[in-house]
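J.: My file is work-v9.pdb. It has PDB, C-alpha atoms and all ligand atoms:
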```
ATOM      1  CA  MET A   1       0.000   0.000   0.000
ATOM      2  CA  GLY A   2       1.349   3.418  -0.916
ATOM      3  CA  PHE A   3       1.159   6.573   1.183
ATOM      4  CA  VAL A   4      -2.274   8.227   0.950
ATOM      5  CA  ASP A   5      -2.246  12.010   1.244
ATOM      6  CA  THR A   6      -5.640  12.714   2.867
ATOM      7  CA  SER A   7      -5.297  16.482   2.351
ATOM      8  CA  VAL A   8      -5.766  16.048  -1.410
ATOM      9  CA  LYS A   9      -9.328  16.438  -2.701
ATOM     10  CA  ARG A  10     -10.542  13.161  -4.180
ATOM     11  CA  ILE A  11     -13.475  12.354  -6.407
ATOM     12  CA  GLU A  12     -14.517   8.739  -6.610
ATOM     13  CA  GLY A  13     -17.639   6.980  -7.808
ATOM     14  CA  VAL A  14     -19.666   5.131  -5.181
ATOM     15  CA  LEU A  15     -21.002   1.869  -6.589
ATOM     16  CA  ASN A  16     -24.645   2.511  -5.698
ATOM     17  CA  ALA A  17     -27.032   2.196  -8.633
ATOM     18  CA  ARG A  18     -30.205   3.268  -6.781
ATOM     19  CA  GLY A  19     -32.235   5.669  -8.912
ATOM     20  CA  LEU A  20     -29.895   5.356 -11.912
ATOM     21  CA  LYS A  21     -31.720   5.028 -15.231
ATOM     22  CA  VAL A  22     -29.733   2.733 -17.499
ATOM     23  CA  GLY A  23     -30.193   1.562 -21.082
ATOM     24  CA  LEU A  24     -28.595  -1.774 -21.913
ATOM     25  CA  VAL A  25     -28.039  -2.030 -25.662
ATOM     26  CA  VAL A  26     -27.465  -5.644 -26.690
ATOM     27  CA  SER A  27     -26.705  -7.242 -30.033
ATOM     28  CA  ARG A  28     -28.632 -10.358 -31.135
ATOM     29  CA  PHE A  29     -25.663 -11.686 -33.143
ATOM     30  CA  ASN A  30     -24.072 -14.487 -31.097
ATOM     31  CA  ASP A  31     -26.978 -14.185 -28.675
ATOM     32  CA  PHE A  32     -25.961 -17.278 -26.708
ATOM     33  CA  ILE A  33     -22.970 -15.151 -25.636
ATOM     34  CA  THR A  34     -24.584 -11.689 -25.495
ATOM     35  CA  GLY A  35     -27.476 -13.123 -23.457
ATOM     36  CA  ARG A  36     -24.974 -14.134 -20.764
ATOM     37  CA  LEU A  37     -23.361 -10.684 -20.875
ATOM     38  CA  LEU A  38     -26.812  -9.133 -20.435
ATOM     39  CA  ASP A  39     -27.683 -11.458 -17.532
ATOM     40  CA  GLY A  40     -24.426 -10.460 -15.850
ATOM     41  CA  ALA A  41     -24.936  -6.742 -16.389
ATOM     42  CA  LEU A  42     -28.544  -6.793 -15.124
ATOM     43  CA  ASP A  43     -27.655  -8.902 -12.096
ATOM     44  CA  CYS A  44     -24.744  -6.597 -11.290
ATOM     45  CA  LEU A  45     -26.870  -3.441 -11.454
ATOM     46  CA  VAL A  46     -29.694  -4.924  -9.360
ATOM     47  CA  ARG A  47     -27.205  -6.183  -6.752
ATOM     48  CA  HIS A  48     -25.837  -2.652  -6.566
ATOM     49  CA  GLY A  49     -29.252  -1.199  -5.799
ATOM     50  CA  ALA A  50     -30.785  -0.470  -9.218
ATOM     51  CA  GLU A  51     -34.535  -0.784  -9.491
ATOM     52  CA  ARG A  52     -35.734  -3.008 -12.334
ATOM     53  CA  ALA A  53     -38.132  -0.294 -13.494
ATOM     54  CA  ASP A  54     -35.119   1.937 -14.169
ATOM     55  CA  LEU A  55     -33.461  -0.606 -16.493
ATOM     56  CA  THR A  56     -34.318  -0.827 -20.197
ATOM     57  CA  VAL A  57     -32.998  -3.506 -22.538
ATOM     58  CA  ILE A  58     -32.675  -2.420 -26.183
ATOM     59  CA  LYS A  59     -31.906  -5.115 -28.784
ATOM     60  CA  VAL A  60     -29.953  -4.458 -31.999
ATOM     61  CA  PRO A  61     -29.030  -6.860 -34.852
ATOM     62  CA  GLY A  62     -25.249  -6.856 -34.463
ATOM     63  CA  ALA A  63     -22.275  -5.043 -32.968
ATOM     64  CA  PHE A  64     -22.107  -2.720 -35.950
ATOM     65  CA  GLU A  65     -25.495  -1.261 -34.961
ATOM     66  CA  LEU A  66     -24.529  -0.635 -31.323
ATOM     67  CA  PRO A  67     -23.124   2.909 -31.841
ATOM     68  CA  LEU A  68     -26.139   4.253 -33.743
ATOM     69  CA  VAL A  69     -28.641   2.930 -31.244
ATOM     70  CA  CYS A  70     -26.525   4.067 -28.277
ATOM     71  CA  ASP A  71     -26.353   7.488 -29.914
ATOM     72  CA  ARG A  72     -30.143   7.724 -30.223
ATOM     73  CA  ALA A  73     -30.662   6.415 -26.689
ATOM     74  CA  ALA A  74     -28.222   8.990 -25.323
ATOM     75  CA  GLN A  75     -29.889  11.750 -27.328
ATOM     76  CA  SER A  76     -33.289  10.854 -25.821
ATOM     77  CA  GLY A  77     -32.080  12.093 -22.436
ATOM     78  CA  LYS A  78     -33.825   9.157 -20.744
ATOM     79  CA  TYR A  79     -30.682   7.473 -19.447
ATOM     80  CA  ALA A  80     -27.924   8.456 -17.039
ATOM     81  CA  GLY A  81     -25.780   5.697 -18.487
ATOM     82  CA  LEU A  82     -25.676   3.046 -21.178
ATOM     83  CA  VAL A  83     -24.131  -0.404 -21.364
ATOM     84  CA  ALA A  84     -23.244  -1.667 -24.848
ATOM     85  CA  LEU A  85     -23.010  -5.451 -25.114
ATOM     86  CA  GLY A  86     -21.909  -7.482 -28.119
ATOM     87  CA  ALA A  87     -19.689 -10.337 -29.229
ATOM     88  CA  VAL A  88     -17.622 -10.348 -32.387
ATOM     89  CA  ILE A  89     -15.888 -13.626 -33.225
ATOM     90  CA  ARG A  90     -13.196 -13.749 -35.873
ATOM     91  CA  GLY A  91     -14.049 -15.556 -39.098
ATOM     92  CA  ALA A  92     -12.206 -16.308 -42.314
ATOM     93  CA  THR A  93     -12.428 -12.776 -43.735
ATOM     94  CA  PRO A  94     -11.468  -9.263 -42.501
ATOM     95  CA  HIS A  95     -15.130  -8.571 -41.625
ATOM     96  CA  PHE A  96     -14.260  -8.947 -37.917
ATOM     97  CA  ASP A  97     -11.790  -6.060 -38.041
ATOM     98  CA  TYR A  98     -14.254  -3.653 -39.635
ATOM     99  CA  VAL A  99     -17.067  -4.479 -37.225
ATOM    100  CA  CYS A 100     -14.820  -4.229 -34.134
ATOM    101  CA  ALA A 101     -13.158  -0.991 -35.198
ATOM    102  CA  GLU A 102     -16.385   0.803 -36.101
ATOM    103  CA  CYS A 103     -18.147  -0.399 -32.998
ATOM    104  CA  ALA A 104     -15.386   0.635 -30.588
ATOM    105  CA  LYS A 105     -14.840   4.009 -32.255
ATOM    106  CA  GLY A 106     -18.565   4.707 -32.489
ATOM    107  CA  ILE A 107     -19.266   3.892 -28.858
ATOM    108  CA  ALA A 108     -16.409   6.120 -27.705
ATOM    109  CA  GLN A 109     -17.836   8.933 -29.846
ATOM    110  CA  VAL A 110     -21.294   8.532 -28.293
ATOM    111  CA  ALA A 111     -19.877   8.877 -24.796
ATOM    112  CA  LEU A 112     -17.988  12.053 -25.656
ATOM    113  CA  LYS A 113     -20.693  13.632 -27.831
ATOM    114  CA  HIS A 114     -23.412  13.215 -25.197
ATOM    115  CA  SER A 115     -21.185  13.277 -22.089
ATOM    116  CA  ILE A 116     -22.729  10.047 -20.873
ATOM    117  CA  PRO A 117     -20.962   6.929 -19.615
ATOM    118  CA  VAL A 118     -21.218   3.986 -21.994
ATOM    119  CA  GLY A 119     -19.929   0.717 -20.573
ATOM    120  CA  PHE A 120     -17.981  -1.019 -23.316
ATOM    121  CA  GLY A 121     -19.012  -4.658 -23.169
ATOM    122  CA  LEU A 122     -17.915  -5.791 -26.608
ATOM    123  CA  LEU A 123     -16.127  -9.125 -26.775
ATOM    124  CA  THR A 124     -13.637  -9.275 -29.643
ATOM    125  CA  CYS A 125     -12.507 -12.885 -29.750
ATOM    126  CA  ASP A 126     -10.465 -15.125 -32.016
ATOM    127  CA  ASN A 127     -12.763 -18.079 -31.377
ATOM    128  CA  LEU A 128     -15.864 -19.258 -29.595
ATOM    129  CA  GLU A 129     -13.928 -20.640 -26.639
ATOM    130  CA  GLN A 130     -12.532 -17.199 -25.818
ATOM    131  CA  ALA A 131     -16.045 -15.745 -25.951
ATOM    132  CA  VAL A 132     -17.472 -18.418 -23.640
ATOM    133  CA  GLU A 133     -14.641 -17.800 -21.184
ATOM    134  CA  ARG A 134     -15.581 -14.100 -21.001
ATOM    135  CA  ALA A 135     -19.334 -14.587 -20.787
ATOM    136  CA  GLY A 136     -19.652 -16.050 -17.333
ATOM    137  CA  SER A 137     -16.972 -18.718 -17.038
ATOM    138  CA  LYS A 138     -13.255 -18.777 -16.293
ATOM    139  CA  ALA A 139     -12.428 -15.216 -17.387
ATOM    140  CA  GLY A 140     -15.446 -13.753 -15.590
ATOM    141  CA  ASN A 141     -18.305 -11.904 -17.243
ATOM    142  CA  LYS A 142     -17.444  -8.806 -19.282
ATOM    143  CA  GLY A 143     -21.079  -7.675 -19.055
ATOM    144  CA  VAL A 144     -20.610  -7.282 -15.303
ATOM    145  CA  GLU A 145     -17.402  -5.311 -15.826
ATOM    146  CA  ALA A 146     -19.055  -3.008 -18.375
ATOM    147  CA  ALA A 147     -22.007  -2.341 -16.054
ATOM    148  CA  LEU A 148     -19.686  -1.595 -13.113
ATOM    149  CA  ALA A 149     -17.530   0.753 -15.195
ATOM    150  CA  MET A 150     -20.643   2.624 -16.363
ATOM    151  CA  LEU A 151     -21.921   2.881 -12.763
ATOM    152  CA  GLU A 152     -18.643   4.144 -11.350
ATOM    153  CA  THR A 153     -18.229   6.672 -14.170
ATOM    154  CA  ALA A 154     -21.840   7.926 -13.828
ATOM    155  CA  ARG A 155     -21.253   8.586 -10.124
ATOM    156  CA  VAL A 156     -17.982  10.381 -10.880
ATOM    157  CA  LEU A 157     -19.632  12.580 -13.521
ATOM    158  CA  GLU A 158     -22.297  13.654 -11.013
ATOM    159  CA  GLN A 159     -19.550  15.230  -8.905
ATOM    160  CA  LEU A 160     -17.780  17.141 -11.670
TER     161      LEU A 160
HETATM  162  N1  LIG B   1     -21.980  -8.891 -35.611
HETATM  163  C1  LIG B   1     -21.668  -9.244 -34.351
HETATM  164  O1  LIG B   1     -22.205  -8.666 -33.382
HETATM  165  N2  LIG B   1     -20.732 -10.216 -34.132
HETATM  166  C2  LIG B   1     -20.108 -10.869 -35.165
HETATM  167  O2  LIG B   1     -19.273 -11.765 -34.879
HETATM  168  C3  LIG B   1     -20.438 -10.520 -36.496
HETATM  169  N3  LIG B   1     -19.818 -11.199 -37.581
HETATM  170  O3  LIG B   1     -18.904 -12.006 -37.386
HETATM  171  O4  LIG B   1     -20.163 -10.993 -38.749
HETATM  172  C4  LIG B   1     -21.400  -9.501 -36.698
HETATM  173  N4  LIG B   1     -21.737  -9.112 -37.920
HETATM  174  C5  LIG B   1     -22.966  -8.378 -38.204
HETATM  175  C6  LIG B   1     -22.772  -6.885 -38.109
HETATM  176  O5  LIG B   1     -22.580  -6.466 -36.750
HETATM  177  C7  LIG B   1     -24.020  -6.155 -38.654
HETATM  178  O6  LIG B   1     -25.141  -6.466 -37.866
HETATM  179  C8  LIG B   1     -24.315  -6.519 -40.111
HETATM  180  O7  LIG B   1     -23.191  -6.326 -40.921
HETATM  181  C9  LIG B   1     -25.494  -5.665 -40.650
HETATM  182  O8  LIG B   1     -25.200  -4.272 -40.580
END
```
Please express the file's structure as structure tokens.
Ligand code: INI
T.:
Amino acid sequence: MGFVDTSVKRIEGVLNARGLKVGLVVSRFNDFITGRLLDGALDCLVRHGAERADLTVIKVPGAFELPLVCDRAAQSGKYAGLVALGAVIRGATPHFDYVCAECAKGIAQVALKHSIPVGFGLLTCDNLEQAVERAGSKAGNKGVEAALAMLETARVLEQL
């Protein structure tokens, strides 16, 4: 443990989701994986005090559509935070690279344009095994991590 200077002003996000309105934008592509990410994200938010009535699940066809729908959801002003969930698995062509790049860039742009936290829960995997590992098995659940990151960031933004 390092030395903590208590005279320095600190801003930190408390992980309490009570009253937080959240949109969870989820791709249907690879839904046996994205469904597990969604389960993890919802469970995480409820366990941190979110009320179910404050949570909205929005389905999109694939990861490529996540930025547009996140953008519109952010623009609506209905949500204090968004969680984007998808799974892109590498195939035989460069399609994977285009979908991943556009999705990541687009989601980052939504967050900055609307000043809203968007949890980035996009799996970008070389194979199915890697995706399964990150959707509730040995490498945890990246939906949980995305929800927690959104929650912490939303609570930080409230103090700035
Ligand atoms: N979408 C995904 O979410 N994951 C994938 O692995 C994937 N692959 O491999 O093709 C994928 N493609 C669909 C894409 O996101 C769009 O929905 C589609 O191109 C229509 O715009």
J.: Please identify every residue of chain A that has at least one atom no farther than 10 Å from an atom of ligand LIG 1 (chain B), counting only C-alpha atoms and all ligand atoms, and for each give the shortest atom pair and the distance in Å to one decimal, arranged by chain then increasing number, as CSV.
T.:
```
residue,atom,partner,partner_atom,distance
A:Val26,CA,B:LIG1,O1,9.0
A:Ser27,CA,B:LIG1,O1,5.8
A:Arg28,CA,B:LIG1,O1,7.0
A:Phe29,CA,B:LIG1,O1,4.6
A:Asn30,CA,B:LIG1,N2,6.2
A:Asp31,CA,B:LIG1,O1,8.7
A:Thr34,CA,B:LIG1,O1,8.8
A:Val60,CA,B:LIG1,O6,7.8
A:Pro61,CA,B:LIG1,O6,4.9
A:Gly62,CA,B:LIG1,O6,3.4
A:Ala63,CA,B:LIG1,O1,3.6
A:Phe64,CA,B:LIG1,O5,3.9
A:Glu65,CA,B:LIG1,O6,6.0
A:Leu66,CA,B:LIG1,O5,8.2
A:Leu85,CA,B:LIG1,O1,8.9
A:Gly86,CA,B:LIG1,O1,5.4
A:Ala87,CA,B:LIG1,N2,5.0
A:Val88,CA,B:LIG1,O2,3.3
A:Ile89,CA,B:LIG1,O2,4.2
A:Arg90,CA,B:LIG1,O3,6.2
A:Gly91,CA,B:LIG1,O3,6.3
A:Ala92,CA,B:LIG1,O3,9.4
A:Thr93,CA,B:LIG1,O3,9.1
A:Pro94,CA,B:LIG1,O3,9.4
A:His95,CA,B:LIG1,O4,6.3
A:Phe96,CA,B:LIG1,O3,5.6
A:Asp97,CA,B:LIG1,O3,9.3
A:Tyr98,CA,B:LIG1,C6,9.2
A:Val99,CA,B:LIG1,O5,5.9
A:Cys100,CA,B:LIG1,N2,8.4
A:Glu102,CA,B:LIG1,O5,9.6
A:Cys103,CA,B:LIG1,O5,8.4
A:Leu122,CA,B:LIG1,O1,8.5
A:Leu123,CA,B:LIG1,N2,8.7
A:Thr124,CA,B:LIG1,O2,8.1
A:Cys125,CA,B:LIG1,O2,8.6
A:Asp126,CA,B:LIG1,O2,9.9
A:Asn127,CA,B:LIG1,O2,9.7
A:Leu128,CA,B:LIG1,O2,9.8
```
J.: How far is it from CA of Asn16 (chain A) to CA of Val57 (chain A), in Å with one decimal?
T.: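 Interatomic distance here is 19.7 Å.
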J.: Between CA of Gly121 (chain A) and CA of Lys142 (chain A), what is the spacing in Å?
T.: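 One can read the CA of Lys142 (chain A) to CA of Gly121 (chain A) distance as 5.9 Å.
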J.: Counting only C-alpha atoms, find the residues whose atoms lie at most 6 Å from (-21.2, -7.0, -14.0) (file coordinates) and write them out as a list in words.
T.: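 I get Gly40, Ala41, Cys44, Gly143, Val144, Glu145, Ala147 and Leu148 of chain A for the residues within 6 Å of that point.
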J.: Can you spell out as a ChimeraX atom specification the set of residues that the PyMOL selection byres (((chain A and resi 152) around 8) and not hetatm) selects in the structure I just provided?
T.: /A:12-15,148-151,153-156
J.: For this file, the PyMOL selection byres (((chain A and resi 74) around 10) and not hetatm) selects which residues, as a JSON list (two decimals) with C-alpha atoms, in the coordinates of the input?
T.:
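result-v1.json was written with the following content:
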```json
[["chain", "number", "residue", "atom", "x", "y", "z"],
["A", 23, "GLY", "CA", -30.19, 1.56, -21.08],
["A", 68, "LEU", "CA", -26.14, 4.25, -33.74],
["A", 69, "VAL", "CA", -28.64, 2.93, -31.24],
["A", 70, "CYS", "CA", -26.52, 4.07, -28.28],
["A", 71, "ASP", "CA", -26.35, 7.49, -29.91],
["A", 72, "ARG", "CA", -30.14, 7.72, -30.22],
["A", 73, "ALA", "CA", -30.66, 6.42, -26.69],
["A", 75, "GLN", "CA", -29.89, 11.75, -27.33],
["A", 76, "SER", "CA", -33.29, 10.85, -25.82],
["A", 77, "GLY", "CA", -32.08, 12.09, -22.44],
["A", 78, "LYS", "CA", -33.83, 9.16, -20.74],
["A", 79, "TYR", "CA", -30.68, 7.47, -19.45],
["A", 80, "ALA", "CA", -27.92, 8.46, -17.04],
["A", 81, "GLY", "CA", -25.78, 5.70, -18.49],
["A", 82, "LEU", "CA", -25.68, 3.05, -21.18],
["A", 110, "VAL", "CA", -21.29, 8.53, -28.29],
["A", 111, "ALA", "CA", -19.88, 8.88, -24.80],
["A", 113, "LYS", "CA", -20.69, 13.63, -27.83],
["A", 114, "HIS", "CA", -23.41, 13.22, -25.20],
["A", 115, "SER", "CA", -21.18, 13.28, -22.09],
["A", 116, "ILE", "CA", -22.73, 10.05, -20.87],
["A", 117, "PRO", "CA", -20.96, 6.93, -19.61],
["A", 118, "VAL", "CA", -21.22, 3.99, -21.99]]
```
J.: In Å, rounded to a single decimal, give me how far CA of Leu160 (chain A) is from CA of Val22 (chain A).
T.: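 Between CA of Val22 (chain A) and CA of Leu160 (chain A) the gap works out to 19.6 Å.
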J.: Which residue gives the smallest distance to Ile58 (chain A) among A:Ala84, A:Gly119, A:Ala17, A:Gly106, with all atoms listed in the file counted?
T.: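 Residue with the minimum atom-to-atom distance to Ile58 (chain A): A:Ala84.
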J.: Go through A:Lys9, A:Ala108, A:Leu24, A:Ala131 and flag the residue nearest Asp54 (chain A), using only C-alpha atoms for the distances.
T.: A:Leu24
J.: Choose the residue, out of A:Ile107, A:Ala50, A:Leu55, A:Leu37, that has the smallest atom-to-atom separation from Gly19 (chain A); count all atoms listed in the file.
T.: A:Ala50
J.: Can you tell me, as lines of an AutoDock Vina configuration file, the centre and edge lengths (Å, one decimal) of the axis-aligned box enclosing all of region 33-36 of chain A's listed atoms after padding each side by 4 Å?
T.:
```
center_x = -25.2
center_y = -13.4
center_z = -23.2
size_x = 12.5
size_y = 11.5
size_z = 12.9
```
J.: Using all atoms listed in the file, can you tell me which of A:Lys105, A:Val132, A:Ala146, A:Phe120 comes closest to Leu42 (chain A)?
T.: A:Ala146
J.: From the list A:Leu45, A:Leu38, A:Val25, A:Ala101, which residue is nearest Lys59 (chain A) when using all atoms listed in the file?
T.: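 Of the candidates, the smallest distance to Lys59 (chain A) is held by A:Val25.
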